[in-house]
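Asks: Sharing a structure, written as structure tokens. Questions coming.
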Amino acid sequence: MKTSEFFWRMLRYRPGLYLLNLLAWTLIHMAPLLPGLLTKAFFDHLEGTHPFPFGAGAIAALLVAAALARIALIYCGFLTDVAFRYRISSLLRRNLLAHVLRAPGARALPGSPGEAISNFRDDVEQAEEATSWSVDTLGLVGFVIAASWILLSIDAQLTVLVFVPLILVVTAAQIATTRIRKYRAASRESTAQVTGAISEMFGSVLAIQVAGAEKRVVDRFAKLGESRRQSMIKDKLLTETLSSVFNNSVNLGTGIILLLAGIKMRGGNFTIGDFSLFVYYLTFVTQLISNVGNFMTYYKQMDVSFGRLKEMLRGASPALLVRKAYIGLGKKEGRRDAHDENGRKEGAAHHAEEEALAPAVRAAPLRELAASGLTYRYPETGRGIADIDLTLPRGSFTVITGMVGSGKTTLLRALLGLLPAERGTIRWNGEPVAQPADFFVPPQSAYTAQIPRLYSATLRDNILLGAPSTPEELRAALHAAVLEEDIAGLRDGLETMVGPRGVKLSGGQAQRTAAARMLAREAQLYVFDDLSSALDVDTERRLWERLFEAKGSATCLVVSHRKAALARADRIVLLRDGRIEAQGTAAELLESSESFRKLWQGEASEDAG
């Protein structure tokens, strides 16, 4: 999709509202036509050239009425402009966020979270600004057409000279296009780097302190800030230079016109009323020149922002950005397909986009989940998993274990679609799963990551995350996660604020909160990634017992090296260097696998300690 099509689709998002906004600003910009004619009538009346039948007082009253009417129009114009531009920005951010949330976890963001914040904030705002300036520019066209016709009737030579600065402005903007893109791209990139550095620093305070790297981190941040300052200065300087060219060319044209008008007045071809009308209209006509230049600048800068937004999509269709969707304002919206051939193609494309973003459907009850040849290697290191064959019968409890770095978490993430598998197939009841990231969500699957992600919200909100739940269901999830005693000991119970990343909870409490979040959602497959690593032996034992009691028919896939999980497993999958070294029950592997015996003995030593 080209920038022009992206811009056009934004305008078509709410065509009725955009046209209303355009009408409002066209009336606002055309409103000065009446005061100009009244001013001419006033001076002609004073000069005696064309006496006004109702006198000068009536003209003054009409001028006041015209001013009040324009104020009312401006108020309405701001209402329509705000309504449209913030709907556009909300739509872009909503669709961009929806895509990020649907993408596999490892591919959700092309850069750091800080860079993503810059995309959501700055680049969307740039697109919003371009749509807003288009209304001003188009609205002024109506005034210019009417004013030009009036001015041409007074003096064609002077009227033509009005448009000379416009030609200069357009030429200057076209010449500056390449540098506008270059400097805006540099400023956006440097801003994203600074934002990303802030995000990394806030998320790694403890690591920075332990390493004694405070000064180095601050020095690096200062360098990024200086780089941003320089790129922002270049961007701002070019923008202001172009604005200066626009304004000065207007002033130059104004001076020439006023000089020639003075000569014509001395010759008797120009009345004082004509002169006042020409000067009055000239201010608004030249405003179009300035607006055209500003709009072109914003449009070129939007081109850079659109490119950055496309990078966020990671190869997905840019049409996703402007897909009609409900943004929380007014009634829910749907897309109506056009009747022509192009419209049908467009409608089909949008239907496919909606399917891609639609909530997951409920699959048939799980009988067997199988993966064959599953392979994923990290591009940076070449490490990962290779040729994994795995079968999970309904109701089974399977544990994946192995030494650190053997690929346990990678296997889970590749199976669930959080990492894009290079090859291999995943089958649910024998049927291939085309998009694992879309499929393995409730009600098919629920997942708890190795490091729980908690939010600065209440304990209740962290568990439910907006999902509907009855008090009984919530209590059952808390009981299964062995969390009810902890909650009873908290002053505010479930309403306790856990702080950023759950800092007010212990490691075990954070893990069990994540487990409760998963168990609060009905699923056929529960996936635990080293859930019990921060739990004591007794708490872990109770957790598995309650899980089996509450979710007896569910299928469980667990990453663990703890004896409590290994002893309960129907099947243990032992990984080494990203491949399956052995499979079987704990008893079978203790007899046949030296690697498993070492793991078992190491866990026994930890339990004893």
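Residue names in the structure tokens use chain letters A, B, ... in the order shown, residue numbers from 1 in each chain, and ligand numbers from 1 in the order shown.
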Would you mind writing down, as a PyMOL selection string, each residue of stretch 384-524 of chain A that DSSP on the backbone assigns to strand (DSSP E or B)?

Replies: chain A and resi 384-393+397-402+423-428+431-432+445-448+458+497

Asks: Within 6 Å of A:Leu557, counting only C-alpha atoms, which residues show up once you throw out same-chain ones fewer than 2 positions away? Write them as a count of residues only, please.

Replies: 3

Asks: List as a list in words the protein and nucleic acid residues near A:Leu158, meaning an atom at most 9 Å away when only C-alpha atoms are counted, but skip any in the same chain fewer than 4 places from it.

Replies: Leu151, Leu152, Ile154, Val162, Ile256, Ile257, Leu258, Leu260, Ala261 and Phe278 of chain A

Asks: Residues as selected, N, CA, C and O atoms, written as an mmCIF file, in the first residue's frame, can you do that?

Replies:
```
data_model
loop_
_atom_site.group_PDB
_atom_site.id
_atom_site.type_symbol
_atom_site.label_atom_id
_atom_site.label_comp_id
_atom_site.auth_asym_id
_atom_site.auth_seq_id
_atom_site.Cartn_x
_atom_site.Cartn_y
_atom_site.Cartn_z
ATOM 1 N N LEU A 151 -11.889 39.121 -7.018
ATOM 2 C CA LEU A 151 -10.678 39.920 -7.252
ATOM 3 C C LEU A 151 -10.402 40.079 -8.744
ATOM 4 O O LEU A 151 -9.946 41.145 -9.196
ATOM 5 N N LEU A 152 -10.680 39.033 -9.522
ATOM 6 C CA LEU A 152 -10.492 39.141 -10.971
ATOM 7 C C LEU A 152 -11.418 40.199 -11.568
ATOM 8 O O LEU A 152 -11.041 40.898 -12.533
ATOM 9 N N ILE A 154 -12.166 42.873 -10.171
ATOM 10 C CA ILE A 154 -11.613 44.186 -9.821
ATOM 11 C C ILE A 154 -10.373 44.475 -10.648
ATOM 12 O O ILE A 154 -10.259 45.524 -11.288
ATOM 13 N N VAL A 162 -1.225 37.296 -6.986
ATOM 14 C CA VAL A 162 -1.476 36.645 -5.702
ATOM 15 C C VAL A 162 -0.965 35.204 -5.707
ATOM 16 O O VAL A 162 -0.478 34.683 -4.702
ATOM 17 N N ILE A 256 4.363 43.463 -3.276
ATOM 18 C CA ILE A 256 4.259 43.792 -4.708
ATOM 19 C C ILE A 256 2.835 44.214 -5.066
ATOM 20 O O ILE A 256 2.612 45.204 -5.774
ATOM 21 N N ILE A 257 1.873 43.487 -4.535
ATOM 22 C CA ILE A 257 0.472 43.782 -4.856
ATOM 23 C C ILE A 257 0.062 45.146 -4.298
ATOM 24 O O ILE A 257 -0.596 45.950 -4.976
ATOM 25 N N LEU A 258 0.476 45.431 -3.068
ATOM 26 C CA LEU A 258 0.120 46.721 -2.473
ATOM 27 C C LEU A 258 0.779 47.877 -3.223
ATOM 28 O O LEU A 258 0.191 48.959 -3.395
ATOM 29 N N LEU A 260 1.569 47.948 -6.479
ATOM 30 C CA LEU A 260 0.851 48.152 -7.738
ATOM 31 C C LEU A 260 -0.540 48.734 -7.493
ATOM 32 O O LEU A 260 -1.024 49.567 -8.282
ATOM 33 N N ALA A 261 -1.177 48.321 -6.396
ATOM 34 C CA ALA A 261 -2.501 48.854 -6.090
ATOM 35 C C ALA A 261 -2.426 50.349 -5.819
ATOM 36 O O ALA A 261 -3.322 51.126 -6.221
ATOM 37 N N PHE A 278 -9.381 44.175 -1.587
ATOM 38 C CA PHE A 278 -8.234 43.419 -2.075
ATOM 39 C C PHE A 278 -7.292 43.078 -0.926
ATOM 40 O O PHE A 278 -6.840 41.932 -0.793
#
```

Asks: Please return, as an MDAnalysis selection string, all residues of stretch 400-542 of chain A that DSSP assigns to helix (DSSP H, G or I) on the basis of the backbone.

Replies: chainID A and resid 408:415 436:439 459:464 471:480 484:488 493:495 500:502 507:519 531:534 537:542

Asks: Within 10 Å of stretch 3-14 of chain A, which residues of stretch 25-90 of chain A show up? Give each one with its shortest atom-to-atom distance in Å (one decimal) and the two atoms involved, counting only C-alpha atoms, rows by chain then rising residue number, as CSV.

Replies:
```
residue,atom,partner,partner_atom,distance
A:Phe84,CA,A:Arg14,CA,7.6
A:Arg85,CA,A:Met10,CA,9.7
A:Arg87,CA,A:Arg14,CA,8.6
A:Ile88,CA,A:Met10,CA,6.8
A:Ser89,CA,A:Met10,CA,9.6
```

Asks: Report, in Å to a single decimal, how far apart atom CA of A:Pro110 and atom CA of A:Ser227 are.

Replies: 21.7 Å

Asks: Between A:Phe397, A:Glu484, A:Ala582, A:Glu594, which is the closest to A:Asp570 once you count only C-alpha atoms?

Replies: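 Looking only at the distances to A:Asp570, the closest residue turns out to be A:Phe397.
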
Asks: Given the choices A:Leu366, A:Met265, A:Ile233, A:Leu543, which gets closest to A:Ser396 if the distance is worked out from only C-alpha atoms?

Replies: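 Of A:Leu366, A:Met265, A:Ile233, A:Leu543, the one nearest A:Ser396, counting only C-alpha atoms, is A:Leu366.
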